[in-house]
Amino acid sequence: MNTVYWLTRSEGDLPAGAGWLAAAEVAVIAGLTVPSRRRDWLLGRWAAKQALASWSGLSGRAPGVARLEIRAAADGAPEAFLNSERLPVSLSISHSGGRALCALSEGAAVGCDLERIEARSELFVLDYFTHREQVLVASWPESDRPLVDNLVWSAKESALKALRVGLRADTRGVEVSLPGIETHDGWRRLEVRQARNGQSFEGWWRAGDGYVMTFASPGRLEVPERLAG
């Protein structure tokens with residue numbers, strides 16, 4: 001059974017200055033000239049470092065956030081380092097609408113995604129969803145369509161991040177289903193299956209404050225646990 005831990009942060013949580021960034025991260029941010037991309041990158045890194053600093057695996061080591069570094073692997077997936085030593089965690093980062101989400105797991109690979117709940121076009125659904133997913137979203141009341149459209153998209157992104165391919169892959173190569181079994185604190189199950197080989201991902205989703213968040217991981221996944229931050 002795999003456990004995923006998570007934390008969110010908003011733009012207002014970002015500290016002033018760059019003292020919390022590692023030297024290599026300072027070099028990366030210097031190359032990001034588009035303000036929105038720069039903001040999202042910083043917010044995602046801040047959320048990830050706050051999550052890592054709260055993680056029990058670092059208990060007793062009390063690292064300063066500048067000693068923590070989030071590097072992009074060759075496939076683009078984020079990886080966590082402390083004093084240049086790779087930490088034994090799977091890490092995933094997402095951001096949307098001025099908010100960032102970080103998920104980490106000590107077990108199997110994990111993917112997370114955060115989406116602001118807003119209207120998606122019919123063309124978007126036709127282009128990126130499988131036929132079964134189109135039938136699924138059409139079965140929801142019209143008033144819930146912004147939620148379910150973003151939920152299905154988010155679950156796809158979470159699974160593709162767990163596969164470490166992201167949106168380089170065809171989003172129709174994975175298919176989302178929603179068993180609809182609710183557990184405590186508003187979490188509900190989701191499932192994602194890879195069309196090519198039938199690999200399945202178990203996950204969870206929850207909506208609130210105008211956002212929907214999803215998590216996905218191969219095999220059995222426990223209810224996500226929020227970190228103290």
# chains A, B, ... in the order shown; residues from 1 in each chain; ligands from 1

$ closest_atom_pairs --of "stretch 20-139 of chain A" --to "stretch 197-220 of chain A" --cutoff "9 Å" --atoms "only C-alpha atoms" --output "Markdown table"
| residue | atom | partner | partner_atom | distance |
| --- | --- | --- | --- | --- |
| A:Ser96 | CA | A:Tyr211 | CA | 8.6 |
| A:Gly97 | CA | A:Tyr211 | CA | 8.9 |
| A:Leu101 | CA | A:Met213 | CA | 8.2 |
| A:Ala103 | CA | A:Phe215 | CA | 8.0 |
| A:Ala108 | CA | A:Ser217 | CA | 6.7 |
| A:Ala109 | CA | A:Ser217 | CA | 5.9 |
| A:Val110 | CA | A:Ser217 | CA | 4.7 |
| A:Gly111 | CA | A:Ala216 | CA | 5.3 |
| A:Cys112 | CA | A:Phe215 | CA | 4.4 |
| A:Asp113 | CA | A:Thr214 | CA | 5.4 |
| A:Leu114 | CA | A:Met213 | CA | 4.5 |
| A:Glu115 | CA | A:Val212 | CA | 5.4 |
| A:Arg116 | CA | A:Tyr211 | CA | 4.3 |
| A:Ile117 | CA | A:Tyr211 | CA | 5.1 |
| A:Glu118 | CA | A:Gly210 | CA | 8.3 |

$ write_last_selection --atoms "all heavy atoms" --output "mmCIF file, in the first residue's frame"
data_model
loop_
_atom_site.group_PDB
_atom_site.id
_atom_site.type_symbol
_atom_site.label_atom_id
_atom_site.label_comp_id
_atom_site.auth_asym_id
_atom_site.auth_seq_id
_atom_site.Cartn_x
_atom_site.Cartn_y
_atom_site.Cartn_z
ATOM 1 N N SER A 96 -1.639 26.014 -10.875
ATOM 2 C CA SER A 96 -2.764 26.525 -11.655
ATOM 3 C C SER A 96 -3.365 27.714 -10.930
ATOM 4 O O SER A 96 -3.572 27.672 -9.705
ATOM 5 C CB SER A 96 -3.830 25.435 -11.826
ATOM 6 O OG SER A 96 -4.963 25.919 -12.518
ATOM 7 N N GLY A 97 -3.615 28.785 -11.654
ATOM 8 C CA GLY A 97 -4.343 29.918 -11.108
ATOM 9 C C GLY A 97 -3.772 30.492 -9.835
ATOM 10 O O GLY A 97 -4.522 30.810 -8.909
ATOM 11 N N LEU A 101 0.657 22.788 -6.084
ATOM 12 C CA LEU A 101 0.463 21.542 -5.359
ATOM 13 C C LEU A 101 1.718 20.703 -5.507
ATOM 14 O O LEU A 101 2.266 20.585 -6.597
ATOM 15 C CB LEU A 101 -0.739 20.785 -5.935
ATOM 16 C CG LEU A 101 -0.935 19.321 -5.507
ATOM 17 C CD1 LEU A 101 -1.304 19.233 -4.031
ATOM 18 C CD2 LEU A 101 -2.013 18.660 -6.371
ATOM 19 N N ALA A 103 3.231 16.766 -4.395
ATOM 20 C CA ALA A 103 2.973 15.450 -3.823
ATOM 21 C C ALA A 103 4.285 14.699 -3.731
ATOM 22 O O ALA A 103 5.156 14.832 -4.604
ATOM 23 C CB ALA A 103 1.984 14.667 -4.694
ATOM 24 N N ALA A 108 5.934 3.843 -4.564
ATOM 25 C CA ALA A 108 5.867 3.869 -6.023
ATOM 26 C C ALA A 108 5.819 5.300 -6.541
ATOM 27 O O ALA A 108 5.605 6.253 -5.794
ATOM 28 C CB ALA A 108 4.630 3.100 -6.486
ATOM 29 N N ALA A 109 6.030 5.425 -7.834
ATOM 30 C CA ALA A 109 5.962 6.741 -8.470
ATOM 31 C C ALA A 109 4.591 7.355 -8.249
ATOM 32 O O ALA A 109 3.572 6.664 -8.220
ATOM 33 C CB ALA A 109 6.237 6.604 -9.960
ATOM 34 N N VAL A 110 4.569 8.673 -8.102
ATOM 35 C CA VAL A 110 3.307 9.369 -7.894
ATOM 36 C C VAL A 110 3.208 10.548 -8.853
ATOM 37 O O VAL A 110 4.232 11.157 -9.204
ATOM 38 C CB VAL A 110 3.166 9.859 -6.430
ATOM 39 C CG1 VAL A 110 4.233 10.879 -6.092
ATOM 40 C CG2 VAL A 110 1.780 10.429 -6.179
ATOM 41 N N GLY A 111 2.021 10.836 -9.299
ATOM 42 C CA GLY A 111 1.770 12.030 -10.105
ATOM 43 C C GLY A 111 0.640 12.811 -9.486
ATOM 44 O O GLY A 111 -0.303 12.226 -8.940
ATOM 45 N N CYS A 112 0.731 14.128 -9.527
ATOM 46 C CA CYS A 112 -0.347 14.966 -9.001
ATOM 47 C C CYS A 112 -0.668 16.051 -10.017
ATOM 48 O O CYS A 112 0.160 16.395 -10.867
ATOM 49 C CB CYS A 112 0.025 15.586 -7.653
ATOM 50 S SG CYS A 112 1.203 16.967 -7.735
ATOM 51 N N ASP A 113 -1.869 16.587 -9.910
ATOM 52 C CA ASP A 113 -2.233 17.710 -10.771
ATOM 53 C C ASP A 113 -3.270 18.562 -10.072
ATOM 54 O O ASP A 113 -4.126 18.059 -9.334
ATOM 55 C CB ASP A 113 -2.786 17.219 -12.113
ATOM 56 C CG ASP A 113 -2.966 18.380 -13.087
ATOM 57 O OD1 ASP A 113 -1.949 18.972 -13.487
ATOM 58 O OD2 ASP A 113 -4.118 18.708 -13.411
ATOM 59 N N LEU A 114 -3.190 19.849 -10.323
ATOM 60 C CA LEU A 114 -4.112 20.834 -9.769
ATOM 61 C C LEU A 114 -4.681 21.649 -10.921
ATOM 62 O O LEU A 114 -3.935 22.114 -11.778
ATOM 63 C CB LEU A 114 -3.363 21.752 -8.801
ATOM 64 C CG LEU A 114 -4.150 22.897 -8.170
ATOM 65 C CD1 LEU A 114 -5.115 22.355 -7.127
ATOM 66 C CD2 LEU A 114 -3.195 23.906 -7.531
ATOM 67 N N GLU A 115 -5.988 21.791 -10.951
ATOM 68 C CA GLU A 115 -6.638 22.574 -12.003
ATOM 69 C C GLU A 115 -7.662 23.523 -11.390
ATOM 70 O O GLU A 115 -8.449 23.118 -10.520
ATOM 71 C CB GLU A 115 -7.354 21.662 -13.007
ATOM 72 C CG GLU A 115 -6.453 20.711 -13.768
ATOM 73 C CD GLU A 115 -5.534 21.401 -14.766
ATOM 74 O OE1 GLU A 115 -5.877 22.522 -15.221
ATOM 75 O OE2 GLU A 115 -4.482 20.823 -15.092
ATOM 76 N N ARG A 116 -7.658 24.764 -11.850
ATOM 77 C CA ARG A 116 -8.740 25.662 -11.481
ATOM 78 C C ARG A 116 -9.983 25.228 -12.245
ATOM 79 O O ARG A 116 -9.912 24.930 -13.448
ATOM 80 C CB ARG A 116 -8.368 27.109 -11.807
ATOM 81 C CG ARG A 116 -9.406 28.103 -11.319
ATOM 82 C CD ARG A 116 -8.858 29.505 -11.243
ATOM 83 N NE ARG A 116 -8.301 29.954 -12.510
ATOM 84 C CZ ARG A 116 -7.693 31.127 -12.670
ATOM 85 N NH1 ARG A 116 -7.541 31.936 -11.635
ATOM 86 N NH2 ARG A 116 -7.218 31.480 -13.845
ATOM 87 N N ILE A 117 -11.111 25.177 -11.566
ATOM 88 C CA ILE A 117 -12.340 24.718 -12.209
ATOM 89 C C ILE A 117 -12.914 25.842 -13.059
ATOM 90 O O ILE A 117 -13.364 26.867 -12.540
ATOM 91 C CB ILE A 117 -13.369 24.259 -11.152
ATOM 92 C CG1 ILE A 117 -12.798 23.093 -10.353
ATOM 93 C CG2 ILE A 117 -14.673 23.842 -11.826
ATOM 94 C CD1 ILE A 117 -13.660 22.686 -9.164
ATOM 95 N N GLU A 118 -12.841 25.661 -14.361
ATOM 96 C CA GLU A 118 -13.337 26.650 -15.309
ATOM 97 C C GLU A 118 -13.853 25.928 -16.538
ATOM 98 O O GLU A 118 -13.546 24.753 -16.761
ATOM 99 C CB GLU A 118 -12.228 27.645 -15.682
ATOM 100 C CG GLU A 118 -10.960 26.996 -16.179
ATOM 101 C CD GLU A 118 -9.801 27.970 -16.274
ATOM 102 O OE1 GLU A 118 -9.971 29.141 -15.893
ATOM 103 O OE2 GLU A 118 -8.729 27.554 -16.731
#

$ residues_around --residues "stretch 171-184 of chain A" --least-positions-apart "2" --cutoff "10 Å" --atoms "only C-alpha atoms" --output "PyMOL selection string"
chain A and resi 127-133+136+148+151-157+159-160+166-169+186-201+203-206+223

$ write_last_selection --atoms "N, CA and C atoms" --output "short mmCIF file (atom, residue, chain, number, x, y, z; two decimals), in the first residue's frame"
data_model
loop_
_atom_site.label_atom_id
_atom_site.label_comp_id
_atom_site.auth_asym_id
_atom_site.auth_seq_id
_atom_site.Cartn_x
_atom_site.Cartn_y
_atom_site.Cartn_z
N ASP A 127 -10.92 16.59 -28.52
CA ASP A 127 -9.52 16.44 -28.92
C ASP A 127 -8.72 15.57 -27.94
N TYR A 128 -9.00 15.68 -26.64
CA TYR A 128 -8.11 15.11 -25.64
C TYR A 128 -8.69 13.94 -24.85
N PHE A 129 -9.99 13.72 -24.94
CA PHE A 129 -10.63 12.65 -24.18
C PHE A 129 -10.95 11.47 -25.08
N THR A 130 -10.92 10.26 -24.51
CA THR A 130 -11.35 9.07 -25.25
C THR A 130 -12.87 9.09 -25.39
N HIS A 131 -13.38 8.19 -26.22
CA HIS A 131 -14.83 8.12 -26.40
C HIS A 131 -15.54 7.82 -25.08
N ARG A 132 -15.01 6.88 -24.31
CA ARG A 132 -15.64 6.54 -23.02
C ARG A 132 -15.61 7.74 -22.08
N GLU A 133 -14.55 8.49 -22.09
CA GLU A 133 -14.48 9.68 -21.24
C GLU A 133 -15.48 10.73 -21.69
N LEU A 136 -18.66 9.67 -20.32
CA LEU A 136 -18.66 9.91 -18.88
C LEU A 136 -19.00 11.36 -18.55
N VAL A 148 -16.23 18.23 -13.93
CA VAL A 148 -15.86 16.91 -14.44
C VAL A 148 -14.89 17.00 -15.61
N LEU A 151 -11.64 17.60 -13.93
CA LEU A 151 -11.28 16.41 -13.16
C LEU A 151 -10.67 15.34 -14.05
N VAL A 152 -11.32 15.03 -15.17
CA VAL A 152 -10.80 14.00 -16.07
C VAL A 152 -9.45 14.43 -16.64
N TRP A 153 -9.35 15.70 -17.04
CA TRP A 153 -8.07 16.19 -17.56
C TRP A 153 -6.98 16.09 -16.50
N SER A 154 -7.30 16.48 -15.28
CA SER A 154 -6.33 16.45 -14.19
C SER A 154 -5.88 15.02 -13.89
N ALA A 155 -6.81 14.08 -13.88
CA ALA A 155 -6.45 12.68 -13.62
C ALA A 155 -5.53 12.14 -14.70
N LYS A 156 -5.77 12.53 -15.95
CA LYS A 156 -4.88 12.13 -17.03
C LYS A 156 -3.46 12.65 -16.78
N GLU A 157 -3.38 13.95 -16.42
CA GLU A 157 -2.07 14.54 -16.18
C GLU A 157 -1.36 13.84 -15.02
N ALA A 159 -1.64 10.70 -14.01
CA ALA A 159 -1.15 9.39 -14.45
C ALA A 159 0.05 9.53 -15.38
N LEU A 160 0.00 10.49 -16.29
CA LEU A 160 1.12 10.68 -17.22
C LEU A 160 2.37 11.17 -16.49
N GLY A 166 4.53 12.85 -18.96
CA GLY A 166 3.83 14.12 -19.03
C GLY A 166 3.03 14.28 -20.31
N LEU A 167 2.86 15.52 -20.73
CA LEU A 167 2.03 15.80 -21.90
C LEU A 167 2.77 15.60 -23.22
N ARG A 168 3.95 15.00 -23.15
CA ARG A 168 4.60 14.56 -24.40
C ARG A 168 3.82 13.38 -25.00
N ALA A 169 3.09 12.67 -24.17
CA ALA A 169 2.31 11.51 -24.62
C ALA A 169 0.91 11.94 -25.04
N GLY A 186 -13.98 14.25 2.06
CA GLY A 186 -14.35 14.60 0.69
C GLY A 186 -13.55 13.95 -0.41
N TRP A 187 -12.64 13.04 -0.08
CA TRP A 187 -11.84 12.37 -1.11
C TRP A 187 -12.67 11.30 -1.81
N ARG A 188 -12.49 11.20 -3.12
CA ARG A 188 -13.14 10.16 -3.91
C ARG A 188 -12.11 9.46 -4.78
N ARG A 189 -12.39 8.19 -5.05
CA ARG A 189 -11.47 7.39 -5.84
C ARG A 189 -11.56 7.74 -7.33
N LEU A 190 -10.44 7.53 -8.01
CA LEU A 190 -10.42 7.54 -9.47
C LEU A 190 -9.51 6.41 -9.93
N GLU A 191 -9.67 6.01 -11.15
CA GLU A 191 -8.83 4.98 -11.75
C GLU A 191 -8.41 5.43 -13.14
N VAL A 192 -7.19 5.10 -13.51
CA VAL A 192 -6.69 5.42 -14.85
C VAL A 192 -6.03 4.16 -15.41
N ARG A 193 -6.34 3.85 -16.65
CA ARG A 193 -5.77 2.67 -17.29
C ARG A 193 -5.05 3.08 -18.57
N GLN A 194 -3.85 2.54 -18.74
CA GLN A 194 -3.07 2.82 -19.93
C GLN A 194 -3.53 1.90 -21.06
N ALA A 195 -3.89 2.49 -22.19
CA ALA A 195 -4.47 1.70 -23.29
C ALA A 195 -3.47 0.72 -23.88
N ARG A 196 -2.21 1.10 -23.96
CA ARG A 196 -1.22 0.29 -24.67
C ARG A 196 -0.97 -1.06 -24.00
N ASN A 197 -0.87 -1.06 -22.68
CA ASN A 197 -0.52 -2.30 -21.99
C ASN A 197 -1.46 -2.67 -20.84
N GLY A 198 -2.48 -1.87 -20.65
CA GLY A 198 -3.44 -2.18 -19.59
C GLY A 198 -2.99 -1.84 -18.19
N GLN A 199 -1.83 -1.20 -18.04
CA GLN A 199 -1.36 -0.83 -16.70
C GLN A 199 -2.38 0.08 -16.04
N SER A 200 -2.67 -0.19 -14.78
CA SER A 200 -3.68 0.59 -14.09
C SER A 200 -3.04 1.46 -13.00
N PHE A 201 -3.68 2.59 -12.76
CA PHE A 201 -3.26 3.53 -11.73
C PHE A 201 -4.46 3.78 -10.83
N GLY A 203 -6.09 6.20 -7.85
CA GLY A 203 -5.90 7.59 -7.45
C GLY A 203 -7.06 8.12 -6.64
N TRP A 204 -6.93 9.40 -6.30
CA TRP A 204 -7.93 10.10 -5.50
C TRP A 204 -8.12 11.50 -6.04
N TRP A 205 -9.31 12.04 -5.80
CA TRP A 205 -9.55 13.43 -6.20
C TRP A 205 -10.42 14.12 -5.15
N ARG A 206 -10.26 15.44 -5.12
CA ARG A 206 -11.08 16.26 -4.23
C ARG A 206 -11.18 17.65 -4.82
N VAL A 223 -5.49 6.89 1.04
CA VAL A 223 -6.01 8.25 1.01
C VAL A 223 -4.86 9.22 1.22
#

$ residues_around --residues "A:Ala16" --least-positions-apart "5" --cutoff "12 Å" --atoms "only C-alpha atoms" --output "list in words"
Glu11, Leu21, Leu42, Leu43 and Trp46 of chain A

$ residues_around --residues "A:Val26" --least-positions-apart "4" --cutoff "12 Å" --atoms "only C-alpha atoms" --output "PyMOL selection string"
chain A and resi 17-22+30-32+38+41-42+45+66+69-71

$ write_last_selection --atoms "C-alpha atoms" --output "compact mmCIF listing (two decimals), in the first residue's frame"
# COMPACT_ATOMS: atom_id res chain seq x y z
CA GLY A 17 14.13 37.51 -2.51
CA ALA A 18 15.97 34.40 -3.68
CA GLY A 19 17.69 33.35 -0.47
CA TRP A 20 15.66 30.14 -0.32
CA LEU A 21 16.88 28.96 -3.73
CA ALA A 22 19.92 26.73 -4.29
CA ALA A 30 17.54 33.85 -14.32
CA GLY A 31 16.68 32.27 -17.66
CA LEU A 32 12.91 32.48 -17.19
CA ARG A 38 8.74 32.53 -13.67
CA TRP A 41 8.20 27.87 -11.41
CA LEU A 42 8.98 29.67 -8.16
CA ARG A 45 9.57 24.97 -6.05
CA ALA A 66 18.30 26.62 0.40
CA GLU A 69 17.19 21.52 -4.45
CA ILE A 70 14.56 20.44 -6.97
CA ARG A 71 16.18 19.36 -10.22

$ residues_around --residues "A:Leu52" --least-positions-apart "2" --cutoff "10 Å" --atoms "only C-alpha atoms" --output "PyMOL selection string"
chain A and resi 5-7+46-50+54-58+63+65+68+80-82+87+89+91+102-104+227+229

$ select_by_dssp --residues "stretch 94-219 of chain A" --states "strand (DSSP E or B)" --output "short mmCIF file (atom, residue, chain, number, x, y, z; two decimals) with N, CA, C and O atoms, in the first residue's frame"
data_model
loop_
_atom_site.label_atom_id
_atom_site.label_comp_id
_atom_site.auth_asym_id
_atom_site.auth_seq_id
_atom_site.Cartn_x
_atom_site.Cartn_y
_atom_site.Cartn_z
N SER A 94 2.54 20.59 -9.43
CA SER A 94 1.56 21.15 -10.37
C SER A 94 1.23 22.56 -9.91
O SER A 94 1.36 22.90 -8.73
N HIS A 95 0.79 23.40 -10.85
CA HIS A 95 0.36 24.75 -10.48
C HIS A 95 -0.75 25.21 -11.43
O HIS A 95 -0.80 24.83 -12.60
N SER A 96 -1.64 26.01 -10.87
CA SER A 96 -2.76 26.53 -11.66
C SER A 96 -3.36 27.71 -10.93
O SER A 96 -3.57 27.67 -9.71
N ARG A 99 -1.84 29.03 -7.60
CA ARG A 99 -1.69 28.06 -6.52
C ARG A 99 -0.83 26.90 -7.01
O ARG A 99 -0.87 26.55 -8.20
N ALA A 100 -0.05 26.29 -6.11
CA ALA A 100 0.79 25.16 -6.47
C ALA A 100 0.49 23.99 -5.55
O ALA A 100 0.12 24.15 -4.38
N LEU A 101 0.66 22.79 -6.08
CA LEU A 101 0.46 21.54 -5.36
C LEU A 101 1.72 20.70 -5.51
O LEU A 101 2.27 20.58 -6.60
N CYS A 102 2.19 20.13 -4.40
CA CYS A 102 3.29 19.18 -4.45
C CYS A 102 2.85 17.89 -3.79
O CYS A 102 2.16 17.90 -2.75
N ALA A 103 3.23 16.77 -4.39
CA ALA A 103 2.97 15.45 -3.82
C ALA A 103 4.28 14.70 -3.73
O ALA A 103 5.16 14.83 -4.60
N LEU A 104 4.45 13.91 -2.68
CA LEU A 104 5.64 13.07 -2.56
C LEU A 104 5.25 11.72 -2.00
O LEU A 104 4.27 11.59 -1.28
N SER A 105 6.03 10.73 -2.38
CA SER A 105 5.77 9.36 -1.96
C SER A 105 7.09 8.65 -1.72
O SER A 105 8.05 8.85 -2.46
N GLY A 111 2.02 10.84 -9.30
CA GLY A 111 1.77 12.03 -10.11
C GLY A 111 0.64 12.81 -9.49
O GLY A 111 -0.30 12.23 -8.94
N CYS A 112 0.73 14.13 -9.53
CA CYS A 112 -0.35 14.97 -9.00
C CYS A 112 -0.67 16.05 -10.02
O CYS A 112 0.16 16.40 -10.87
N ASP A 113 -1.87 16.59 -9.91
CA ASP A 113 -2.23 17.71 -10.77
C ASP A 113 -3.27 18.56 -10.07
O ASP A 113 -4.13 18.06 -9.33
N LEU A 114 -3.19 19.85 -10.32
CA LEU A 114 -4.11 20.83 -9.77
C LEU A 114 -4.68 21.65 -10.92
O LEU A 114 -3.93 22.11 -11.78
N GLU A 115 -5.99 21.79 -10.95
CA GLU A 115 -6.64 22.57 -12.00
C GLU A 115 -7.66 23.52 -11.39
O GLU A 115 -8.45 23.12 -10.52
N ARG A 116 -7.66 24.76 -11.85
CA ARG A 116 -8.74 25.66 -11.48
C ARG A 116 -9.98 25.23 -12.24
O ARG A 116 -9.91 24.93 -13.45
N VAL A 174 -4.31 7.20 -22.11
CA VAL A 174 -4.74 6.78 -20.78
C VAL A 174 -6.21 7.14 -20.64
O VAL A 174 -6.68 8.14 -21.19
N GLU A 175 -6.95 6.28 -19.92
CA GLU A 175 -8.40 6.48 -19.82
C GLU A 175 -8.83 6.49 -18.35
O GLU A 175 -8.46 5.62 -17.57
N VAL A 176 -9.62 7.51 -18.01
CA VAL A 176 -10.04 7.75 -16.63
C VAL A 176 -11.43 7.18 -16.38
O VAL A 176 -12.32 7.29 -17.22
N SER A 177 -11.59 6.56 -15.21
CA SER A 177 -12.92 6.18 -14.75
C SER A 177 -13.08 6.67 -13.31
O SER A 177 -12.10 6.85 -12.59
N GLU A 182 -16.92 7.51 -2.00
CA GLU A 182 -16.43 8.62 -1.19
C GLU A 182 -15.90 8.12 0.14
O GLU A 182 -16.45 7.19 0.74
N ARG A 188 -12.49 11.20 -3.12
CA ARG A 188 -13.14 10.16 -3.91
C ARG A 188 -12.11 9.46 -4.78
O ARG A 188 -11.13 10.05 -5.20
N ARG A 189 -12.39 8.19 -5.05
CA ARG A 189 -11.47 7.39 -5.84
C ARG A 189 -11.56 7.74 -7.33
O ARG A 189 -12.60 8.15 -7.83
N LEU A 190 -10.44 7.53 -8.01
CA LEU A 190 -10.42 7.54 -9.47
C LEU A 190 -9.51 6.41 -9.93
O LEU A 190 -8.69 5.90 -9.16
N GLU A 191 -9.67 6.01 -11.15
CA GLU A 191 -8.83 4.98 -11.75
C GLU A 191 -8.41 5.43 -13.14
O GLU A 191 -9.19 6.08 -13.85
N VAL A 192 -7.19 5.10 -13.51
CA VAL A 192 -6.69 5.42 -14.85
C VAL A 192 -6.03 4.16 -15.41
O VAL A 192 -5.26 3.50 -14.71
N ARG A 193 -6.34 3.85 -16.65
CA ARG A 193 -5.77 2.67 -17.29
C ARG A 193 -5.05 3.08 -18.57
O ARG A 193 -5.56 3.87 -19.35
N GLN A 194 -3.85 2.54 -18.74
CA GLN A 194 -3.07 2.82 -19.93
C GLN A 194 -3.53 1.90 -21.06
O GLN A 194 -3.57 0.67 -20.90
N SER A 200 -2.67 -0.19 -14.78
CA SER A 200 -3.68 0.59 -14.09
C SER A 200 -3.04 1.46 -13.00
O SER A 200 -2.01 1.10 -12.42
N PHE A 201 -3.68 2.59 -12.76
CA PHE A 201 -3.26 3.53 -11.73
C PHE A 201 -4.46 3.78 -10.83
O PHE A 201 -5.56 4.04 -11.30
N GLU A 202 -4.21 3.72 -9.52
CA GLU A 202 -5.25 4.07 -8.58
C GLU A 202 -5.02 5.49 -8.13
O GLU A 202 -3.87 5.94 -8.02
N GLY A 203 -6.09 6.20 -7.85
CA GLY A 203 -5.90 7.59 -7.45
C GLY A 203 -7.06 8.12 -6.64
O GLY A 203 -8.03 7.41 -6.34
N TRP A 204 -6.93 9.40 -6.30
CA TRP A 204 -7.93 10.10 -5.50
C TRP A 204 -8.12 11.50 -6.04
O TRP A 204 -7.21 12.07 -6.63
N TRP A 205 -9.31 12.04 -5.80
CA TRP A 205 -9.55 13.43 -6.20
C TRP A 205 -10.42 14.12 -5.15
O TRP A 205 -11.16 13.48 -4.41
N ARG A 206 -10.26 15.44 -5.12
CA ARG A 206 -11.08 16.26 -4.23
C ARG A 206 -11.18 17.65 -4.82
O ARG A 206 -10.21 18.17 -5.38
N ALA A 207 -12.35 18.26 -4.69
CA ALA A 207 -12.57 19.61 -5.20
C ALA A 207 -12.91 20.54 -4.05
O ALA A 207 -13.54 20.14 -3.07
N GLY A 208 -12.49 21.81 -4.20
CA GLY A 208 -12.80 22.81 -3.19
C GLY A 208 -12.14 24.13 -3.52
O GLY A 208 -11.10 24.16 -4.19
N TYR A 211 -10.98 24.77 -7.13
CA TYR A 211 -9.93 23.94 -7.73
C TYR A 211 -10.29 22.47 -7.57
O TYR A 211 -11.05 22.09 -6.68
N VAL A 212 -9.69 21.64 -8.42
CA VAL A 212 -9.76 20.20 -8.25
C VAL A 212 -8.33 19.67 -8.26
O VAL A 212 -7.49 20.12 -9.05
N MET A 213 -8.03 18.76 -7.34
CA MET A 213 -6.70 18.15 -7.30
C MET A 213 -6.84 16.65 -7.44
O MET A 213 -7.82 16.05 -6.99
N THR A 214 -5.86 16.03 -8.10
CA THR A 214 -5.86 14.59 -8.30
C THR A 214 -4.47 14.02 -8.02
O THR A 214 -3.45 14.71 -8.14
N PHE A 215 -4.47 12.74 -7.64
CA PHE A 215 -3.23 11.99 -7.42
C PHE A 215 -3.38 10.63 -8.08
O PHE A 215 -4.47 10.05 -8.07
N ALA A 216 -2.30 10.10 -8.64
CA ALA A 216 -2.34 8.79 -9.26
C ALA A 216 -1.01 8.08 -9.04
O ALA A 216 0.06 8.72 -9.03
N SER A 217 -1.08 6.77 -8.86
CA SER A 217 0.11 5.97 -8.64
C SER A 217 -0.17 4.54 -9.06
O SER A 217 -1.32 4.08 -8.94
N PRO A 218 0.83 3.80 -9.55
CA PRO A 218 0.59 2.39 -9.89
C PRO A 218 0.22 1.60 -8.64
O PRO A 218 0.77 1.82 -7.57
N GLY A 219 -0.71 0.69 -8.79
CA GLY A 219 -1.07 -0.17 -7.66
C GLY A 219 -1.98 0.52 -6.67
O GLY A 219 -2.66 1.50 -6.96
#

$ closest_residue --among "A:Glu142, A:Glu106, A:Asp185, A:Glu225" --to "A:Asn2" --atoms "only C-alpha atoms"
A:Glu106

$ decode --residues "stretch 39-54 of chain A" --atoms "C-alpha atoms" --output "short mmCIF file (atom, residue, chain, number, x, y, z; two decimals), in the first residue's frame"
data_model
loop_
_atom_site.label_atom_id
_atom_site.label_comp_id
_atom_site.auth_asym_id
_atom_site.auth_seq_id
_atom_site.Cartn_x
_atom_site.Cartn_y
_atom_site.Cartn_z
CA ARG A 39 5.99 32.89 -11.05
CA ASP A 40 4.70 29.34 -11.57
CA TRP A 41 8.20 27.87 -11.41
CA LEU A 42 8.98 29.67 -8.16
CA LEU A 43 5.65 28.75 -6.61
CA GLY A 44 6.07 25.08 -7.51
CA ARG A 45 9.57 24.97 -6.05
CA TRP A 46 8.45 26.70 -2.87
CA ALA A 47 5.61 24.21 -2.39
CA ALA A 48 7.98 21.29 -3.02
CA LYS A 49 10.58 22.55 -0.56
CA GLN A 50 7.96 23.19 2.10
CA ALA A 51 6.61 19.66 1.57
CA LEU A 52 10.07 18.12 1.82
CA ALA A 53 10.90 20.12 4.95
CA SER A 54 7.74 18.66 6.56
#
